[in-house]
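Coordinates from work.csv are shown below (CSV, C-alpha atoms).
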```
chain,number,residue,atom,x,y,z
A,2,MET,CA,-20.7,5.0,23.6
A,3,ASP,CA,-21.4,4.0,20.0
A,4,ASN,CA,-21.8,6.7,17.5
A,5,ALA,CA,-20.2,8.0,14.4
A,6,CYS,CA,-19.7,11.6,15.2
A,7,GLU,CA,-16.8,12.6,13.1
A,8,SER,CA,-15.4,16.1,13.4
A,9,PRO,CA,-13.3,17.5,10.6
A,10,THR,CA,-10.4,18.0,13.0
A,11,GLU,CA,-9.9,14.3,13.4
A,12,LYS,CA,-8.4,13.9,9.9
A,13,GLY,CA,-6.1,16.8,10.1
A,14,GLY,CA,-4.0,15.4,13.0
A,15,GLU,CA,-3.5,17.2,16.2
A,16,THR,CA,-5.1,20.6,16.8
A,17,ARG,CA,-4.0,22.8,19.6
A,18,GLU,CA,-6.9,23.1,22.0
A,19,SER,CA,-5.1,25.8,23.8
A,20,ASP,CA,-6.3,29.0,25.4
A,21,GLU,CA,-3.6,31.1,23.8
A,22,PRO,CA,-4.8,34.1,21.9
A,23,THR,CA,-3.7,33.8,18.3
A,24,ALA,CA,-1.8,37.1,18.4
A,25,ALA,CA,1.0,35.8,20.6
A,26,PRO,CA,3.7,38.4,20.9
A,27,GLY,CA,7.0,36.8,19.7
A,28,GLY,CA,10.0,37.7,21.7
A,29,SER,CA,12.5,39.0,19.2
A,30,ARG,CA,16.0,37.7,19.7
A,31,VAL,CA,17.4,40.0,17.1
A,32,THR,CA,17.8,43.4,18.6
A,33,GLU,CA,20.3,45.4,16.7
A,34,MET,CA,19.8,44.7,13.0
A,35,ASP,CA,20.9,47.6,10.8
A,36,GLY,CA,22.1,46.8,7.4
A,37,ILE,CA,22.2,43.5,5.6
A,38,PRO,CA,22.4,40.5,7.9
A,39,GLU,CA,24.9,38.5,5.8
A,40,GLU,CA,27.1,37.8,8.9
A,41,THR,CA,24.3,35.8,10.5
A,42,ASP,CA,24.7,33.0,8.1
A,43,GLY,CA,26.8,31.2,10.6
A,44,ASP,CA,24.0,31.4,13.1
A,45,GLY,CA,22.9,27.9,12.5
A,46,ASP,CA,19.4,28.5,13.6
A,47,GLY,CA,18.3,29.5,10.1
A,48,GLU,CA,16.0,32.1,11.3
A,49,LEU,CA,17.5,34.7,9.0
A,50,LYS,CA,18.4,32.2,6.3
A,51,GLU,CA,15.8,33.5,4.0
A,52,ALA,CA,16.7,37.1,4.4
A,53,ALA,CA,20.4,36.2,4.1
A,54,ALA,CA,19.8,34.2,0.9
A,55,GLU,CA,18.0,37.1,-0.6
A,56,GLU,CA,20.8,39.5,0.3
A,57,GLY,CA,23.4,37.0,-0.8
A,58,GLU,CA,21.9,36.9,-4.3
A,59,LEU,CA,21.9,40.6,-4.5
A,60,LYS,CA,25.4,40.8,-3.3
A,61,SER,CA,26.6,38.7,-6.3
A,62,GLN,CA,25.1,41.4,-8.5
A,63,ASP,CA,26.2,45.0,-9.0
A,64,ILE,CA,27.1,46.9,-5.9
A,65,ALA,CA,24.7,49.6,-7.0
A,66,ASP,CA,21.9,47.1,-6.6
A,67,LEU,CA,23.0,46.3,-3.2
A,68,THR,CA,23.0,49.8,-2.1
A,69,ALA,CA,19.5,50.1,-3.6
A,70,VAL,CA,18.3,47.4,-1.3
A,71,GLU,CA,20.2,49.1,1.5
A,72,ARG,CA,18.6,52.3,0.6
A,73,GLU,CA,15.2,50.7,0.6
A,74,ASP,CA,15.9,49.1,3.9
A,75,SER,CA,17.1,52.4,5.3
A,76,LEU,CA,13.9,54.0,4.1
A,77,LEU,CA,12.1,51.5,6.3
A,78,THR,CA,12.3,52.9,9.8
A,79,PRO,CA,14.2,50.6,12.2
A,80,ALA,CA,10.8,49.6,13.7
A,81,ALA,CA,9.6,48.4,10.3
A,82,LYS,CA,12.8,46.6,9.6
A,83,LYS,CA,12.6,44.8,13.0
A,84,LEU,CA,9.0,44.0,12.2
A,85,LYS,CA,9.9,42.3,9.0
A,86,ILE,CA,12.5,40.2,10.6
A,87,ASP,CA,10.4,39.5,13.6
A,88,THR,CA,7.5,38.1,11.5
A,89,LYS,CA,9.9,35.7,9.8
A,90,GLU,CA,11.3,34.6,13.1
A,91,LYS,CA,7.9,34.2,14.6
A,92,LYS,CA,6.8,31.9,11.8
A,93,GLU,CA,9.7,29.6,12.2
A,94,LYS,CA,9.5,29.7,16.0
A,95,LYS,CA,5.8,28.9,15.7
A,96,GLN,CA,6.6,25.8,13.6
A,97,LYS,CA,9.1,24.6,16.3
A,98,VAL,CA,6.6,25.2,19.0
A,99,ASP,CA,4.0,23.2,17.1
A,100,GLU,CA,6.3,20.2,16.8
A,101,ASP,CA,7.2,20.5,20.5
A,102,GLU,CA,3.5,20.6,21.4
A,103,ILE,CA,2.7,17.7,19.1
A,104,GLN,CA,5.3,15.6,20.8
A,105,LYS,CA,4.1,16.6,24.3
A,106,MET,CA,0.5,15.7,23.3
A,107,GLN,CA,1.7,12.3,22.1
A,108,ILE,CA,3.5,11.6,25.3
A,109,LEU,CA,0.4,12.7,27.3
A,110,VAL,CA,-2.1,10.6,25.4
A,111,SER,CA,0.1,7.5,25.6
A,112,SER,CA,-0.1,7.7,29.3
A,113,PHE,CA,-3.9,7.9,29.6
A,114,SER,CA,-5.9,5.4,31.5
A,115,GLU,CA,-8.7,3.6,29.6
A,116,GLU,CA,-11.4,5.9,31.0
A,117,GLN,CA,-9.3,8.9,30.1
A,118,LEU,CA,-8.8,7.6,26.6
A,119,ASN,CA,-12.5,7.1,26.1
A,120,ARG,CA,-13.2,10.6,27.3
A,121,TYR,CA,-10.5,12.1,25.1
A,122,GLU,CA,-11.9,10.2,22.1
A,123,MET,CA,-15.3,11.6,22.7
A,124,TYR,CA,-13.9,15.0,23.1
A,125,ARG,CA,-12.1,14.9,19.8
A,126,ARG,CA,-14.8,13.1,17.8
A,127,SER,CA,-18.0,14.6,19.0
A,128,ALA,CA,-19.4,17.2,16.7
A,129,PHE,CA,-22.7,18.7,15.7
A,130,PRO,CA,-24.3,17.2,12.6
A,131,LYS,CA,-23.6,19.6,9.7
A,132,ALA,CA,-27.0,18.9,8.1
A,133,ALA,CA,-29.0,20.0,11.2
A,134,ILE,CA,-26.8,23.1,11.7
A,135,LYS,CA,-27.3,24.0,8.1
A,136,ARG,CA,-31.0,23.5,8.3
A,137,LEU,CA,-31.1,25.6,11.4
A,138,ILE,CA,-29.1,28.5,10.0
A,139,GLN,CA,-31.1,28.4,6.7
A,140,SER,CA,-34.4,28.6,8.6
A,141,ILE,CA,-33.1,31.7,10.3
A,142,THR,CA,-31.6,33.5,7.3
A,143,GLY,CA,-34.1,32.4,4.7
A,144,THR,CA,-31.3,32.1,2.2
A,145,SER,CA,-28.8,29.4,1.6
A,146,VAL,CA,-25.5,29.4,3.4
A,147,SER,CA,-22.1,28.3,2.2
A,148,GLN,CA,-20.4,25.2,3.6
A,149,ASN,CA,-17.7,27.3,5.4
A,150,VAL,CA,-20.3,29.1,7.4
A,151,VAL,CA,-21.7,25.7,8.6
A,152,ILE,CA,-18.2,24.5,9.5
A,153,ALA,CA,-17.4,27.7,11.4
A,154,MET,CA,-20.7,27.7,13.2
A,155,SER,CA,-20.6,24.1,14.3
A,156,GLY,CA,-17.0,24.7,15.5
A,157,ILE,CA,-17.8,27.7,17.7
A,158,SER,CA,-20.9,25.9,19.0
A,159,LYS,CA,-18.8,23.1,20.2
A,160,VAL,CA,-16.4,25.5,21.9
A,161,PHE,CA,-19.4,27.2,23.4
A,162,VAL,CA,-20.7,23.9,24.8
A,163,GLY,CA,-17.3,23.3,26.2
A,164,GLU,CA,-17.2,26.6,28.0
A,165,VAL,CA,-20.6,26.1,29.6
A,166,VAL,CA,-19.8,22.5,30.7
A,167,GLU,CA,-16.5,23.4,32.1
A,168,GLU,CA,-18.0,26.3,34.0
A,169,ALA,CA,-20.8,24.1,35.3
A,170,LEU,CA,-18.2,21.5,36.5
A,171,ASP,CA,-16.5,24.3,38.3
A,172,VAL,CA,-19.7,25.3,40.0
A,173,CYS,CA,-20.5,21.7,40.8
A,174,GLU,CA,-17.1,21.3,42.4
A,175,LYS,CA,-17.4,24.5,44.3
A,176,TRP,CA,-20.8,23.5,45.8
A,177,GLY,CA,-19.3,20.2,46.9
A,178,GLU,CA,-21.4,18.0,44.7
A,179,MET,CA,-20.6,15.4,42.1
A,180,PRO,CA,-21.3,15.0,38.4
A,181,PRO,CA,-23.5,14.3,36.6
A,182,LEU,CA,-24.4,17.9,36.2
A,183,GLN,CA,-27.7,19.1,37.3
A,184,PRO,CA,-29.8,22.0,35.8
A,185,LYS,CA,-28.9,24.2,38.7
A,186,HIS,CA,-25.2,23.9,37.9
A,187,MET,CA,-25.9,24.7,34.3
A,188,ARG,CA,-28.0,27.7,35.1
A,189,GLU,CA,-25.4,29.1,37.5
A,190,ALA,CA,-22.7,28.5,34.9
A,191,VAL,CA,-24.8,30.5,32.3
A,192,ARG,CA,-25.3,33.3,34.8
A,193,ARG,CA,-21.5,33.5,35.4
A,194,LEU,CA,-20.7,33.4,31.8
A,195,LYS,CA,-23.2,36.1,31.1
A,196,SER,CA,-21.6,38.4,33.5
A,197,LYS,CA,-18.3,37.7,31.7
A,198,GLY,CA,-19.9,38.6,28.4
A,199,GLN,CA,-19.5,35.2,26.9
A,200,ILE,CA,-23.1,34.6,26.1
A,201,PRO,CA,-24.5,36.8,23.4
A,202,ASN,CA,-27.8,38.4,24.2
A,203,SER,CA,-29.3,41.0,22.0
A,204,LYS,CA,-32.7,41.1,23.5
A,205,HIS,CA,-32.1,43.6,26.2
A,206,LYS,CA,-31.6,47.1,25.0
A,207,LYS,CA,-29.0,48.9,27.0
A,208,ILE,CA,-29.6,52.5,27.9
A,209,ILE,CA,-26.3,54.2,28.2
A,210,PHE,CA,-27.1,57.8,29.2
A,211,PHE,CA,-30.2,59.2,30.7
B,5,MET,CA,-34.8,23.9,48.2
B,6,ALA,CA,-32.6,22.1,45.8
B,7,ASP,CA,-34.3,18.8,46.4
B,8,GLU,CA,-37.7,20.1,45.6
B,9,GLU,CA,-36.6,21.2,42.2
B,10,ASP,CA,-35.4,17.9,40.8
B,11,PRO,CA,-38.5,15.8,41.2
B,12,THR,CA,-40.5,18.6,39.7
B,13,PHE,CA,-38.3,18.5,36.7
B,14,GLU,CA,-38.6,14.8,36.3
B,15,GLU,CA,-42.4,15.1,36.4
B,16,GLU,CA,-42.4,17.7,33.7
B,17,SER,CA,-40.3,15.8,31.4
B,18,LYS,CA,-42.5,12.7,31.8
B,19,GLU,CA,-45.6,14.7,31.0
B,20,ILE,CA,-44.4,16.8,28.1
B,21,GLY,CA,-42.0,14.3,26.7
B,22,GLY,CA,-40.1,16.9,24.8
B,23,GLY,CA,-38.6,20.0,26.3
B,24,ALA,CA,-38.8,19.9,30.0
B,25,GLU,CA,-38.0,23.6,30.3
B,26,GLY,CA,-41.0,24.6,28.3
B,27,GLY,CA,-38.7,26.9,26.4
B,28,GLN,CA,-38.6,24.9,23.3
B,29,GLY,CA,-42.0,23.4,23.9
B,30,LYS,CA,-42.8,20.8,21.3
B,31,ARG,CA,-39.7,21.0,19.2
B,32,LYS,CA,-38.0,17.7,18.7
B,33,ARG,CA,-34.5,17.5,20.2
B,34,LEU,CA,-32.0,18.1,17.5
B,35,PHE,CA,-28.8,17.2,19.1
B,36,SER,CA,-29.5,14.6,21.8
B,37,LYS,CA,-27.0,12.0,20.7
B,38,GLU,CA,-24.2,14.4,19.8
B,39,LEU,CA,-24.7,16.5,22.9
B,40,ARG,CA,-24.4,13.4,25.1
B,41,CYS,CA,-21.0,12.5,23.6
B,42,MET,CA,-19.9,16.1,23.8
B,43,MET,CA,-20.8,16.5,27.5
B,44,TYR,CA,-18.9,13.3,28.3
B,45,GLY,CA,-15.9,14.5,26.4
B,46,PHE,CA,-15.9,17.8,28.2
B,47,GLY,CA,-16.0,16.2,31.7
B,48,ASP,CA,-19.5,15.3,32.6
B,49,ASP,CA,-20.7,11.9,33.5
B,50,GLN,CA,-21.0,9.2,30.9
B,51,ASN,CA,-24.8,9.5,31.1
B,52,PRO,CA,-25.7,13.1,31.7
B,53,TYR,CA,-29.1,14.1,32.9
B,54,THR,CA,-31.7,14.7,30.2
B,55,GLU,CA,-32.7,18.0,31.7
B,56,SER,CA,-29.1,19.3,31.6
B,57,MET,CA,-28.9,18.2,28.0
B,58,ASP,CA,-32.1,20.0,27.2
B,59,ILE,CA,-30.8,23.2,28.8
B,60,LEU,CA,-27.6,22.9,26.8
B,61,GLU,CA,-29.4,22.3,23.6
B,62,ASP,CA,-31.6,25.4,24.1
B,63,LEU,CA,-28.5,27.4,24.9
B,64,VAL,CA,-26.8,26.2,21.7
B,65,ILE,CA,-29.8,27.0,19.5
B,66,GLU,CA,-30.1,30.4,21.1
B,67,PHE,CA,-26.3,31.0,20.6
B,68,ILE,CA,-26.5,30.0,16.9
B,69,THR,CA,-29.6,32.1,16.5
B,70,GLU,CA,-28.0,35.2,18.0
B,71,MET,CA,-24.8,34.8,16.0
B,72,THR,CA,-26.8,34.3,12.8
B,73,HIS,CA,-28.8,37.4,13.4
B,74,LYS,CA,-25.8,39.5,14.3
B,75,ALA,CA,-23.9,38.2,11.3
B,76,MET,CA,-26.8,39.1,9.0
B,77,SER,CA,-26.8,42.6,10.3
B,78,ILE,CA,-23.1,43.4,9.6
B,79,GLY,CA,-21.1,43.2,6.4
B,80,ARG,CA,-23.4,42.3,3.6
B,81,GLN,CA,-26.9,42.7,4.9
B,82,GLY,CA,-29.3,39.8,4.8
B,83,ARG,CA,-26.5,37.3,4.0
B,84,ILE,CA,-24.3,35.4,6.3
B,85,GLN,CA,-20.6,35.0,5.4
B,86,VAL,CA,-17.7,33.5,7.1
B,87,GLU,CA,-16.0,36.9,7.5
B,88,ASP,CA,-18.9,38.2,9.5
B,89,ILE,CA,-18.6,35.3,11.9
B,90,VAL,CA,-14.9,35.8,12.3
B,91,PHE,CA,-15.5,39.5,13.0
B,92,LEU,CA,-18.1,38.7,15.7
B,93,ILE,CA,-15.8,36.2,17.3
B,94,ARG,CA,-12.7,38.4,17.3
B,95,LYS,CA,-12.8,39.2,21.0
B,96,ASP,CA,-13.1,35.6,22.2
B,97,PRO,CA,-9.6,34.0,21.8
B,98,ARG,CA,-10.7,30.4,22.0
B,99,LYS,CA,-13.4,30.6,19.5
B,100,PHE,CA,-11.4,32.8,17.2
B,101,ALA,CA,-8.4,30.4,17.2
B,102,ARG,CA,-10.8,27.4,16.7
B,103,VAL,CA,-12.5,29.0,13.6
B,104,LYS,CA,-9.1,29.9,12.1
B,105,ASP,CA,-7.8,26.3,12.6
B,106,LEU,CA,-11.0,24.7,11.2
B,107,LEU,CA,-11.0,26.9,8.1
B,108,THR,CA,-7.3,26.4,7.4
B,109,MET,CA,-7.6,22.7,7.8
B,110,ASN,CA,-10.6,22.6,5.5
B,111,GLU,CA,-8.5,24.4,2.9
B,112,GLU,CA,-5.7,21.9,3.3
B,113,LEU,CA,-8.0,18.9,3.0
B,114,LYS,CA,-9.6,20.3,-0.1
B,115,ARG,CA,-6.3,20.9,-1.7
B,116,ALA,CA,-5.1,17.4,-0.7
B,117,ARG,CA,-8.3,15.8,-2.1
B,118,LYS,CA,-8.0,17.7,-5.3
B,119,ALA,CA,-4.4,16.7,-5.8
B,120,PHE,CA,-5.3,13.1,-5.0
B,121,ASP,CA,-8.1,13.1,-7.5
B,122,GLU,CA,-5.9,14.7,-10.2
B,123,ALA,CA,-3.2,12.1,-9.6
B,124,ASN,CA,-5.8,9.3,-9.9
B,125,TYR,CA,-7.3,10.8,-13.0
B,126,GLY,CA,-3.9,11.2,-14.6
B,127,SER,CA,-2.9,7.6,-14.1
```
Take the structure in the file and write it out as structure tokens.
Amino acid sequence: MDNACESPTEKGGETRESDEPTAAPGGSRVTEMDGIPEETDGDGDGELKEAAAEEGELKSQDIADLTAVEREDSLLTPAAKKLKIDTKEKKEKKQKVDEDEIQKMQILVSSFSEEQLNRYEMYRRSAFPKAAIKRLIQSITGTSVSQNVVIAMSGISKVFVGEVVEEALDVCEKWGEMPPLQPKHMREAVRRLKSKGQIPNSKHKKIIFF
Amino acid sequence: MADEEDPTFEEESKEIGGGAEGGQGKRKRLFSKELRCMMYGFGDDQNPYTESMDILEDLVIEFITEMTHKAMSIGRQGRIQVEDIVFLIRKDPRKFARVKDLLTMNEELKRARKAFDEANYGS
């Protein structure tokens, strides 16, 4: 396989090719948090370090100021307060999860066979040529498009190809056949994805009521 | 029934030489090299069938066309912007996460390159 298909992701290190939705609900470990969390300095986890530092600074000032913050915080409903702390926690938890995941990926990749390594390299490096995508989009819109649009479009197209190929491989396996994929697998895969709504089709006008 | 299909396809592709499906007719294949790598990366054989690649390329072009048309019809009409694409993709978790990642990394790279250039220029 000789080609120079570089994808922008290659330079940025590991990307998580996971199926998790981005809005992952973070489990809040902090339940009862009314008032200023200065006692959690000894927590050691540092999840409330920022908040504690802020409050600590204020504490060294006038007491009136402190009560102002307290008042402000008490104006926030307990739900809003929890949300503020939760988002800070979530961000730090996410960083730790990222590091964990990077380590796991490294261990996994180091244990690949040569064929697997080849395939993984193709998976990471293959990408659609930006020039061709830009030309295609511009021929549809008639106006020029920004670079970010081209980047986004080639990225989702690659994900789209991945979805179709994976579904086709599922179909192929289910029918008891072997790769390479044949057109009948591809067409069945497209049919299945269409019923799931993954394939956009604006040609058929849906009649809702009649 | 399945065996009858495949030889027909091979015949067609030899005759027309371009799109075997007839869907894209005479248009030259835009992504044959890249699609081959991509299909191998996603699990297919190292040498995928040309017909499957043709089907995939038609699918991709149709996908891009649909997205472009939809994006042009929302937000600022007649123009295509990143926000429109992100809006259209919002329901699909994989694609949404991917676009976010790509755009964030692009920003980081731009910043890093800018900082590097400034450092060079300064010295």
(request) Between atom CA of Val151 of chain A and atom CA of Val90 of chain B, measure the distance and give it in Å to one decimal. (result) 12.7 Å
(request) For segment 60-70 of chain B, list every protein, DNA or RNA residue within 8 Å, evaluated using only C-alpha atoms, and leave out those in the same chain fewer than 5 positions away; present the list as a ChimeraX atom specification. (result) /A:138,141,154,158,161-162,187,200-203 /B:27-28,33-36,39
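The coordinates place atom CA of Gly82 of chain B at 8.4 Å from atom CA of Thr144 of chain A.
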I want to know what sits within 9 Å of Gln50 of chain B, based on all atoms listed in the file, with residues of the same chain fewer than 5 positions away left out; could you give that as a PDB file with C-alpha atoms, in the coordinates of the input?
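Okay, out.pdb is ready:
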```pdb
ATOM      1  CA  MET A   2     -20.700   5.000  23.600  1.00  0.00           C
ATOM      2  CA  ARG A 120     -13.200  10.600  27.300  1.00  0.00           C
ATOM      3  CA  PRO A 181     -23.500  14.300  36.600  1.00  0.00           C
TER       4      PRO A 181
ATOM      5  CA  ARG B  40     -24.400  13.400  25.100  1.00  0.00           C
ATOM      6  CA  CYS B  41     -21.000  12.500  23.600  1.00  0.00           C
ATOM      7  CA  MET B  43     -20.800  16.500  27.500  1.00  0.00           C
ATOM      8  CA  TYR B  44     -18.900  13.300  28.300  1.00  0.00           C
ATOM      9  CA  GLY B  45     -15.900  14.500  26.400  1.00  0.00           C
TER      10      GLY B  45
END
```
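Separating atom CA of Asn110 of chain B from atom CA of Val160 of chain A is a distance of 17.6 Å.
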